[in-house]
Number of protein chains: 2
Amino acid sequence: MGIIVQKFGGTSVATPEKIHKAAEKVVAAKKAGHQVVVVVSAMGHTTDELIDLAKKVWGGRDGQPPKREMDQLLATGEQVTIALIAIALAAQGHEVISFTGGQIGLITDENFSKARVKQIDHKRILDPLNKGKIVIVAGFQGITSDGDVTTLGRGGSNATLVAIGAVLKADVCENFTDVNGIYTADPRIVPDARLIPEISYDEMMELSSVGASVLQTRAVEFAKKYNVPIHVRNSQTDQPGTMIVAETKAMEHIVVSGCALKKDLTRVTLKQVPDQPGVVATLFSAIGQANIVVDDIIQNVLPDKTANISFTVEHGDVADLKPVVDAQLKAMGSGGAIYDTDLAKVSVVGVGMKQSTGVAAKMFGALAQEKVNIQNISTSEIRISCLIAKADADKALRAVHAAFNLGKA
Amino acid sequence: MGIIVQKFGGTSVATPEKIHKAAEKVVAAKKAGHQVVVVVSAMGHTTDELIDLAKKVWGGRDGQPPKREMDQLLATGEQVTIALIAIALAAQGHEVISFTGGQIGLITDENFSKARVKQIDHKRILDPLNKGKIVIVAGFQGITSDGDVTTLGRGGSNATLVAIGAVLKADVCENFTDVNGIYTADPRIVPDARLIPEISYDEMMELSSVGASVLQTRAVEFAKKYNVPIHVRNSQTDQPGTMIVAETKAMEHIVVSGCALKKDLTRVTLKQVPDQPGVVATLFSAIGQANIVVDDIIQNVLPDKTANISFTVEHGDVADLKPVVDAQLKAMGSGGAIYDTDLAKVSVVGVGMKQSTGVAAKMFGALAQEKVNIQNISTSEIRISCLIAKADADKALRAVHAAFNLGKA
């Protein structure tokens with residue numbers, strides 16, 4: 001019997017009752033003979049409430065509160081949960097110890113609000129584990145080598161889960177959440193969406209990057225690198241869930257595994273950018289240095305030797321993006337930026353796509369039939385994405401899901 | 001211009017508005033040319049809410065939640081406030097940095113829930129201070145040398161205030177609170193209570209130990225040791241407040257400086273304790289090892305060669321006390337314990353008492369006139385305390401306050 005790392009998301013620890021429900025899952029794994037490490041998120045909407053509090057104190061001024069202080073603030077959410085889970089397990093007579101990110105030496109870079117894990121002192125987890133204790137770790141947080149508190153970005157608890165699974169060479173990372181697993185599409189939008197019992201790391205990464213919110217791309221990437229299986233399960237039921245594993249031969253026969261929707265996209269259009277070599281490179285390198293991911297880049301060169309450049313970013317990155325864009329526009333002497341928030345992206349993903357043809361045509365046909373206008377197309381080896389109007393988002397997802405027969409039999 | 005350490009209690013940072021009010025006090029000190037360190041408590045009733053949450057999770061089981069985990073939990077309260085105060089100051093354009101107890105290397109012993117400060121890494125505060133930053137520190141918390149989070153007990157933020165004032169050799173520790181300063185008695189009970197402009201460390205320690213809740217005995221003791229003046233002020237007004245300083249010649253003329261009331265006392269009576277040498281010593285040494293302070297010890301030897309021993313403790317210590325008492329009773333083969341929570345203690349304090357006579361007589365007379373029965377008397381060189389029924393508490397305080405003419409002219 002090896003090590004199991006279990007993670008409970010915010011909704012799974014939102015109340016004292018749910019904390020006890022989570023503790024039952026921990027105890028079951030312990031009683032089955034495993035060494036158990038538990039990673040937890042902040043309770044329910046705690047993180048959002050803390051952000052609201054900070055906004056109130058910041059008081060609507062220009063710019064944003066210092067990110068170092070935001071991380072200092074937000075890290076308290078998970079610290080509350082680790083103590084409460086530990087207390088719940090102690091109440092049932094189990095030996096338990098809780099740790100913040102800093103206490104297990106989870107060192108990150110200094111990129112506050114979306115820091116990356118650099119190392120974990122696995123000895124600090126293994127010592128109590130080998131003494132028979134259940135170890136509880138705060139997800140979503142770490143410290144810099146100078147001791148400043150950092151957070152790993154939204155969903156960062158999954159990054160913690162997988163990083164700990166990797167350094168401990170865990171048998172499995174169990175990701176307990178409020179859904180039964182990974183579905184062929186969001187069941188809130190597509191009623192006949194089907195649970196996927198097994199999916200490859202690559203498919204999961206693609207699905208995550210285009211809108212499946214259960215797991216973050218980065219966490220899955222990390223799991224793939226260290227070949228740690230992730231088991232996505234419902235914390236309130238005993239459903240079998242979804243296993244995320246390395247690609248198998250059998251998976252190649254599935255052309256499309258699932259589809260996903262992203263509604264939180266902003267398109268930025270920079271007008272009258274000088275059409276000179278290097279201008280675009282300078283622009284996107286500045287945006288990249290600000291740790292902002294861009295997609296759907298389109299450049300139209302106009303007769304007056306200037307270009308309109310547009311690209312999409314997530315809504316959440318716009319506040320960070322604006323000062324970067326403003327500085328670039330100033331340097332270029334260019335004409336200004338337009339921010340358009342009414343966009344969505346629908347995507348299909350499947351490893352079988354590598355050996356299959358006609359997938360794109362089938363997708364475009366399904367969208368055409370629903371009169372959904374495609375504004376841009378982006379692809380990877382196992383994914384096709386179409387940028388569409390936000391108003392068309394839900395019907396586009398249902399159309400694509402039906403076209404590939406992803407629903408229940 | 002030297003270093004000022006300011007501390008804001010929970011009521012002074014209870015809302016975003018109050019946090020800005022506190023920030024104004026910080027900015028004023030900074031603008032006056034001082035280097036400013038700010039110590040903060042948890043917002044409003046945060047600590048109590050966290051304790052309630054832990055109790056819910058513990059679920060009424062015997063015993064208490066593990067103290068290490070309680071400290072892990074409670075320390076989040078101050079961490080929220082340091083970030084918010086830092087954000088409020090940053091919003092006004094000030095350079096600022098926040099630190100948890102751990103981040104300034106505030107090392108304590110391992111006595112969770114009432115740990116004592118062993119050292120502070122003053123360099124971690126001085127470096128940013130010397131770069132012109134305002135430094136914000138979480139009160140009430142520290143870490144052990146193993147990195148476990150500890151708390152310093154209720155009111156521990158004042159211990160943090162004074163400890164930082166001492167290591168930085170600060171000019172003054174400003175204790176901002178929701179009252180105007182130290183009064184001759186609690187003004188909620190004694191309407192004509194008067195603000196004391198200046199009081200000695202010793203008097204303040206005595207008043208604190210017998211019920212004046214503004215400052216803890218331990219914090220004042222520390223301030224006396226390092227001769228750091230404490231200035232108690234109202235965070236919402238510009239009142240002059242009370243200075244707590246070393247004793248001066250002038251103070252000797254004040255026979256009684258103030259009086260105080262303690263209502264949170266439990267009297268424990270152990271029945272049929274064997275009247276043998278060493279029994280009492282063993283009992284109180286066990287209680288002392290549990291870090292519980294006892295007072296008003298009375299022993300009655302009965303004709304059957306057993307004794308009844310009674311003593312008082314604070315209500316808050318009863319849960320810790322019970323298992324100690326039970327173990328002692330078992331070892332002694334004795335007859336059981338009675339816990340009586342209906343007691344109070346009224347006290348008068350003044351350095352002039354050392355050279356004055358008749359103080360005790362005047363106090364007892366005032367109580368007798370109000371028909372208040374005195375159940376026990378304890379004294380120090382500058383204090384007289386009477387144990388009385390809780391029902392008599394308020395009228396006893398008013399009687400004593402009037403007898404020594406402590407009210408407004």
# chains A, B, ... in the order shown; residues from 1 in each chain; ligands from 1
call {"tool": "closest_atom_pairs", "arguments": {"of": "chain B", "to": "chain A", "cutoff": "7 Å", "atoms": "only C-alpha atoms", "output": "Markdown table"}}
result
| residue | atom | partner | partner_atom | distance |
| --- | --- | --- | --- | --- |
| B:Pro16 | CA | A:Val57 | CA | 5.3 |
| B:Ala54 | CA | A:Leu84 | CA | 6.2 |
| B:Lys56 | CA | A:Pro16 | CA | 6.5 |
| B:Val57 | CA | A:Pro16 | CA | 5.3 |
| B:Trp58 | CA | A:Ala91 | CA | 5.6 |
| B:Arg61 | CA | A:Ala91 | CA | 7.0 |
| B:Pro65 | CA | A:Ile87 | CA | 5.8 |
| B:Pro66 | CA | A:Ile87 | CA | 6.7 |
| B:Glu69 | CA | A:Ala83 | CA | 5.1 |
| B:Met70 | CA | A:Ala83 | CA | 6.7 |
| B:Gln72 | CA | A:Ala83 | CA | 6.0 |
| B:Leu73 | CA | A:Val80 | CA | 5.1 |
| B:Thr76 | CA | A:Thr76 | CA | 5.3 |
| B:Gln79 | CA | A:Leu73 | CA | 6.5 |
| B:Val80 | CA | A:Leu73 | CA | 5.1 |
| B:Ala83 | CA | A:Glu69 | CA | 5.0 |
| B:Leu84 | CA | A:Ala54 | CA | 6.2 |
| B:Ala86 | CA | A:Glu69 | CA | 6.8 |
| B:Ile87 | CA | A:Pro65 | CA | 5.8 |
| B:Ala88 | CA | A:Val57 | CA | 5.6 |
| B:Ala91 | CA | A:Trp58 | CA | 5.6 |
| B:Gln103 | CA | A:Gly147 | CA | 6.6 |
| B:Gly147 | CA | A:Gln103 | CA | 6.6 |
call {"tool": "select_by_dssp", "arguments": {"residues": "segment 88-246 of chain B", "states": "strand (DSSP E)", "output": "number ranges by chain"}}
result
B: 96-99, 107-108, 117-119, 134-138, 141-143, 149-151, 172-177, 198-200, 230-234, 242-245
call {"tool": "residues_around", "arguments": {"residues": "Lys225 of chain B", "least_positions_apart": "3", "cutoff": "10 Å", "atoms": "only C-alpha atoms", "output": "ChimeraX atom specification"}}
result
/B:166,201,219-222,228,246
call {"tool": "residues_around", "arguments": {"residues": "Gln355 of chain B", "least_positions_apart": "4", "cutoff": "9 Å", "atoms": "only C-alpha atoms", "output": "list in words"}}
result
Glu252, His253, Val255 and Val351 of chain B
call {"tool": "atom_distance", "arguments": {"atom1": "atom CA of Gly153 of chain B", "atom2": "atom CA of Ala319 of chain B"}}
result
15.1 Å
call {"tool": "atom_distance", "arguments": {"atom1": "atom CA of Thr11 of chain A", "atom2": "atom CA of Ile199 of chain A"}}
result
23.8 Å
call {"tool": "select_by_dssp", "arguments": {"residues": "segment 115-271 of chain B", "states": "alpha helix (DSSP H)", "output": "JSON, numbers by chain"}}
result
{"B": [122, 123, 124, 125, 126, 127, 128, 129, 130, 156, 157, 158, 159, 160, 161, 162, 163, 164, 165, 166, 167, 201, 202, 203, 204, 205, 206, 207, 208, 209, 217, 218, 219, 220, 221, 222, 223, 224, 225]}
call {"tool": "write_last_selection", "arguments": {"atoms": "C-alpha atoms", "output": "PDB file, in the first residue's frame"}}
result
ATOM      1  CA  HIS B 122      14.854  42.748  14.165  1.00  0.00           C
ATOM      2  CA  LYS B 123      16.850  42.888  10.909  1.00  0.00           C
ATOM      3  CA  ARG B 124      13.783  41.712   8.973  1.00  0.00           C
ATOM      4  CA  ILE B 125      11.898  44.758  10.259  1.00  0.00           C
ATOM      5  CA  LEU B 126      14.781  47.251  10.099  1.00  0.00           C
ATOM      6  CA  ASP B 127      15.767  46.512   6.488  1.00  0.00           C
ATOM      7  CA  PRO B 128      12.480  47.625   4.907  1.00  0.00           C
ATOM      8  CA  LEU B 129      12.147  50.397   7.531  1.00  0.00           C
ATOM      9  CA  ASN B 130      15.512  51.805   6.502  1.00  0.00           C
ATOM     10  CA  GLY B 156      -1.222  38.752  22.608  1.00  0.00           C
ATOM     11  CA  SER B 157      -1.041  41.548  20.052  1.00  0.00           C
ATOM     12  CA  ASN B 158       0.056  43.803  22.891  1.00  0.00           C
ATOM     13  CA  ALA B 159       2.861  41.371  23.677  1.00  0.00           C
ATOM     14  CA  THR B 160       3.905  41.668  20.015  1.00  0.00           C
ATOM     15  CA  LEU B 161       3.703  45.479  20.225  1.00  0.00           C
ATOM     16  CA  VAL B 162       5.946  45.728  23.241  1.00  0.00           C
ATOM     17  CA  ALA B 163       8.376  43.015  22.126  1.00  0.00           C
ATOM     18  CA  ILE B 164       8.915  44.812  18.813  1.00  0.00           C
ATOM     19  CA  GLY B 165       9.187  48.153  20.615  1.00  0.00           C
ATOM     20  CA  ALA B 166      11.871  46.621  22.836  1.00  0.00           C
ATOM     21  CA  VAL B 167      13.995  44.991  20.094  1.00  0.00           C
ATOM     22  CA  TYR B 201       4.240  50.157  34.848  1.00  0.00           C
ATOM     23  CA  ASP B 202       3.692  48.490  38.231  1.00  0.00           C
ATOM     24  CA  GLU B 203       0.256  49.982  38.756  1.00  0.00           C
ATOM     25  CA  MET B 204      -0.767  49.076  35.225  1.00  0.00           C
ATOM     26  CA  MET B 205       0.412  45.481  35.723  1.00  0.00           C
ATOM     27  CA  GLU B 206      -1.604  45.178  38.913  1.00  0.00           C
ATOM     28  CA  LEU B 207      -4.703  46.735  37.322  1.00  0.00           C
ATOM     29  CA  SER B 208      -4.376  44.396  34.332  1.00  0.00           C
ATOM     30  CA  SER B 209      -4.003  41.341  36.503  1.00  0.00           C
ATOM     31  CA  THR B 217       0.145  42.147  32.534  1.00  0.00           C
ATOM     32  CA  ARG B 218       2.779  40.362  30.490  1.00  0.00           C
ATOM     33  CA  ALA B 219       2.984  43.132  27.883  1.00  0.00           C
ATOM     34  CA  VAL B 220       3.419  45.807  30.560  1.00  0.00           C
ATOM     35  CA  GLU B 221       6.011  43.696  32.370  1.00  0.00           C
ATOM     36  CA  PHE B 222       7.988  43.490  29.119  1.00  0.00           C
ATOM     37  CA  ALA B 223       7.672  47.243  28.543  1.00  0.00           C
ATOM     38  CA  LYS B 224       8.947  47.887  32.069  1.00  0.00           C
ATOM     39  CA  LYS B 225      11.901  45.554  31.590  1.00  0.00           C
TER      40      LYS B 225
END
call {"tool": "residues_around", "arguments": {"residues": "Cys173 of chain B", "least_positions_apart": "2", "cutoff": "6 Å", "atoms": "only C-alpha atoms", "output": "list of chain:residue names"}}
result
B:Val5, B:Gln6, B:Ile230
call {"tool": "atom_distance", "arguments": {"atom1": "atom CA of Ala361 of chain A", "atom2": "atom CA of Leu215 of chain A"}}
result
28.8 Å
call {"tool": "residues_around", "arguments": {"residues": "segment 296-302 of chain A", "least_positions_apart": "3", "cutoff": "10 Å", "atoms": "only C-alpha atoms", "output": "number ranges by chain"}}
result
A: 267-275, 280, 305-313, 375-379, 385-387
call {"tool": "closest_residue", "arguments": {"among": "A:Ala23, A:Ala399, A:Ile292, A:Leu261", "to": "Lys7 of chain A", "atoms": "only C-alpha atoms"}}
result
A:Ala23
call {"tool": "closest_residue", "arguments": {"among": "A:Gly333, A:Gly181, A:Gly105, A:Pro229", "to": "Val137 of chain A", "atoms": "only C-alpha atoms"}}
result
A:Gly105
call {"tool": "residues_around", "arguments": {"residues": "Val325 of chain A", "least_positions_apart": "3", "cutoff": "10 Å", "atoms": "only C-alpha atoms", "output": "list in words"}}
result
Val268, Leu270, Leu283, Phe284, Ala286, Ile287, Val318, Asp320, Leu321, Lys322, Gln328, Leu329, Lys330, Ala331, Gly336 and Ala337 of chain A
call {"tool": "decode", "arguments": {"residues": "segment 172-183 of chain A", "atoms": "all heavy atoms", "output": "PDB file, in the first residue's frame"}}
result
ATOM      1  N   VAL A 172      -1.494   7.493  -6.542  1.00  0.00           N
ATOM      2  CA  VAL A 172      -2.533   8.226  -7.269  1.00  0.00           C
ATOM      3  C   VAL A 172      -2.817   9.548  -6.554  1.00  0.00           C
ATOM      4  O   VAL A 172      -2.638   9.664  -5.339  1.00  0.00           O
ATOM      5  CB  VAL A 172      -3.831   7.371  -7.379  1.00  0.00           C
ATOM      6  CG1 VAL A 172      -4.429   7.095  -6.002  1.00  0.00           C
ATOM      7  CG2 VAL A 172      -4.870   8.032  -8.280  1.00  0.00           C
ATOM      8  N   CYS A 173      -3.211  10.539  -7.349  1.00  0.00           N
ATOM      9  CA  CYS A 173      -3.704  11.803  -6.805  1.00  0.00           C
ATOM     10  C   CYS A 173      -5.216  11.795  -6.965  1.00  0.00           C
ATOM     11  O   CYS A 173      -5.716  11.741  -8.095  1.00  0.00           O
ATOM     12  CB  CYS A 173      -3.142  12.990  -7.591  1.00  0.00           C
ATOM     13  SG  CYS A 173      -1.401  13.267  -7.339  1.00  0.00           S
ATOM     14  N   GLU A 174      -5.934  11.824  -5.868  1.00  0.00           N
ATOM     15  CA  GLU A 174      -7.395  11.841  -5.940  1.00  0.00           C
ATOM     16  C   GLU A 174      -7.897  13.272  -5.828  1.00  0.00           C
ATOM     17  O   GLU A 174      -7.698  13.916  -4.806  1.00  0.00           O
ATOM     18  CB  GLU A 174      -8.001  10.991  -4.824  1.00  0.00           C
ATOM     19  CG  GLU A 174      -7.659   9.510  -4.983  1.00  0.00           C
ATOM     20  CD  GLU A 174      -8.432   8.631  -4.028  1.00  0.00           C
ATOM     21  OE1 GLU A 174      -8.638   9.055  -2.864  1.00  0.00           O
ATOM     22  OE2 GLU A 174      -8.833   7.531  -4.436  1.00  0.00           O
ATOM     23  N   ASN A 175      -8.534  13.750  -6.885  1.00  0.00           N
ATOM     24  CA  ASN A 175      -9.043  15.112  -6.909  1.00  0.00           C
ATOM     25  C   ASN A 175     -10.542  15.094  -6.612  1.00  0.00           C
ATOM     26  O   ASN A 175     -11.356  14.871  -7.502  1.00  0.00           O
ATOM     27  CB  ASN A 175      -8.766  15.709  -8.293  1.00  0.00           C
ATOM     28  CG  ASN A 175      -9.157  17.169  -8.379  1.00  0.00           C
ATOM     29  OD1 ASN A 175      -9.887  17.670  -7.528  1.00  0.00           O
ATOM     30  ND2 ASN A 175      -8.670  17.846  -9.401  1.00  0.00           N
ATOM     31  N   PHE A 176     -10.882  15.313  -5.330  1.00  0.00           N
ATOM     32  CA  PHE A 176     -12.298  15.315  -4.945  1.00  0.00           C
ATOM     33  C   PHE A 176     -12.908  16.675  -5.231  1.00  0.00           C
ATOM     34  O   PHE A 176     -12.357  17.708  -4.843  1.00  0.00           O
ATOM     35  CB  PHE A 176     -12.458  14.982  -3.464  1.00  0.00           C
ATOM     36  CG  PHE A 176     -12.273  13.525  -3.174  1.00  0.00           C
ATOM     37  CD1 PHE A 176     -11.067  13.046  -2.678  1.00  0.00           C
ATOM     38  CD2 PHE A 176     -13.301  12.621  -3.416  1.00  0.00           C
ATOM     39  CE1 PHE A 176     -10.888  11.699  -2.417  1.00  0.00           C
ATOM     40  CE2 PHE A 176     -13.132  11.270  -3.147  1.00  0.00           C
ATOM     41  CZ  PHE A 176     -11.923  10.808  -2.654  1.00  0.00           C
ATOM     42  N   THR A 177     -14.044  16.657  -5.904  1.00  0.00           N
ATOM     43  CA  THR A 177     -14.665  17.920  -6.276  1.00  0.00           C
ATOM     44  C   THR A 177     -16.177  17.771  -6.167  1.00  0.00           C
ATOM     45  O   THR A 177     -16.654  16.822  -5.540  1.00  0.00           O
ATOM     46  CB  THR A 177     -14.187  18.311  -7.699  1.00  0.00           C
ATOM     47  OG1 THR A 177     -14.899  19.449  -8.130  1.00  0.00           O
ATOM     48  CG2 THR A 177     -14.401  17.192  -8.691  1.00  0.00           C
ATOM     49  N   ASP A 178     -16.927  18.721  -6.732  1.00  0.00           N
ATOM     50  CA  ASP A 178     -18.382  18.657  -6.593  1.00  0.00           C
ATOM     51  C   ASP A 178     -19.049  18.090  -7.843  1.00  0.00           C
ATOM     52  O   ASP A 178     -20.265  18.151  -7.976  1.00  0.00           O
ATOM     53  CB  ASP A 178     -18.971  20.030  -6.246  1.00  0.00           C
ATOM     54  CG  ASP A 178     -18.623  21.074  -7.292  1.00  0.00           C
ATOM     55  OD1 ASP A 178     -17.683  20.836  -8.081  1.00  0.00           O
ATOM     56  OD2 ASP A 178     -19.287  22.120  -7.329  1.00  0.00           O
ATOM     57  N   VAL A 179     -18.266  17.560  -8.775  1.00  0.00           N
ATOM     58  CA  VAL A 179     -18.846  16.884  -9.945  1.00  0.00           C
ATOM     59  C   VAL A 179     -18.361  15.435  -9.947  1.00  0.00           C
ATOM     60  O   VAL A 179     -17.407  15.087  -9.253  1.00  0.00           O
ATOM     61  CB  VAL A 179     -18.459  17.582 -11.267  1.00  0.00           C
ATOM     62  CG1 VAL A 179     -19.042  18.988 -11.317  1.00  0.00           C
ATOM     63  CG2 VAL A 179     -16.949  17.622 -11.460  1.00  0.00           C
ATOM     64  N   ASN A 180     -19.023  14.612 -10.752  1.00  0.00           N
ATOM     65  CA  ASN A 180     -18.700  13.177 -10.740  1.00  0.00           C
ATOM     66  C   ASN A 180     -17.432  12.824 -11.504  1.00  0.00           C
ATOM     67  O   ASN A 180     -16.938  11.700 -11.399  1.00  0.00           O
ATOM     68  CB  ASN A 180     -19.870  12.387 -11.322  1.00  0.00           C
ATOM     69  CG  ASN A 180     -21.031  12.333 -10.350  1.00  0.00           C
ATOM     70  OD1 ASN A 180     -20.821  12.404  -9.131  1.00  0.00           O
ATOM     71  ND2 ASN A 180     -22.247  12.240 -10.876  1.00  0.00           N
ATOM     72  N   GLY A 181     -16.921  13.748 -12.296  1.00  0.00           N
ATOM     73  CA  GLY A 181     -15.722  13.484 -13.070  1.00  0.00           C
ATOM     74  C   GLY A 181     -15.681  14.396 -14.277  1.00  0.00           C
ATOM     75  O   GLY A 181     -16.323  15.450 -14.279  1.00  0.00           O
ATOM     76  N   ILE A 182     -14.946  13.967 -15.304  1.00  0.00           N
ATOM     77  CA  ILE A 182     -14.843  14.765 -16.527  1.00  0.00           C
ATOM     78  C   ILE A 182     -15.941  14.285 -17.486  1.00  0.00           C
ATOM     79  O   ILE A 182     -16.075  13.087 -17.728  1.00  0.00           O
ATOM     80  CB  ILE A 182     -13.452  14.570 -17.183  1.00  0.00           C
ATOM     81  CG1 ILE A 182     -12.327  14.794 -16.167  1.00  0.00           C
ATOM     82  CG2 ILE A 182     -13.311  15.472 -18.415  1.00  0.00           C
ATOM     83  CD1 ILE A 182     -12.268  16.180 -15.573  1.00  0.00           C
ATOM     84  N   TYR A 183     -16.683  15.231 -18.026  1.00  0.00           N
ATOM     85  CA  TYR A 183     -17.787  14.917 -18.939  1.00  0.00           C
ATOM     86  C   TYR A 183     -17.399  15.267 -20.380  1.00  0.00           C
ATOM     87  O   TYR A 183     -16.465  16.047 -20.615  1.00  0.00           O
ATOM     88  CB  TYR A 183     -19.031  15.702 -18.541  1.00  0.00           C
ATOM     89  CG  TYR A 183     -19.764  15.084 -17.374  1.00  0.00           C
ATOM     90  CD1 TYR A 183     -19.337  15.309 -16.071  1.00  0.00           C
ATOM     91  CD2 TYR A 183     -20.861  14.257 -17.575  1.00  0.00           C
ATOM     92  CE1 TYR A 183     -19.999  14.738 -15.002  1.00  0.00           C
ATOM     93  CE2 TYR A 183     -21.535  13.685 -16.504  1.00  0.00           C
ATOM     94  CZ  TYR A 183     -21.097  13.926 -15.219  1.00  0.00           C
ATOM     95  OH  TYR A 183     -21.757  13.358 -14.161  1.00  0.00           O
TER      96      TYR A 183
END
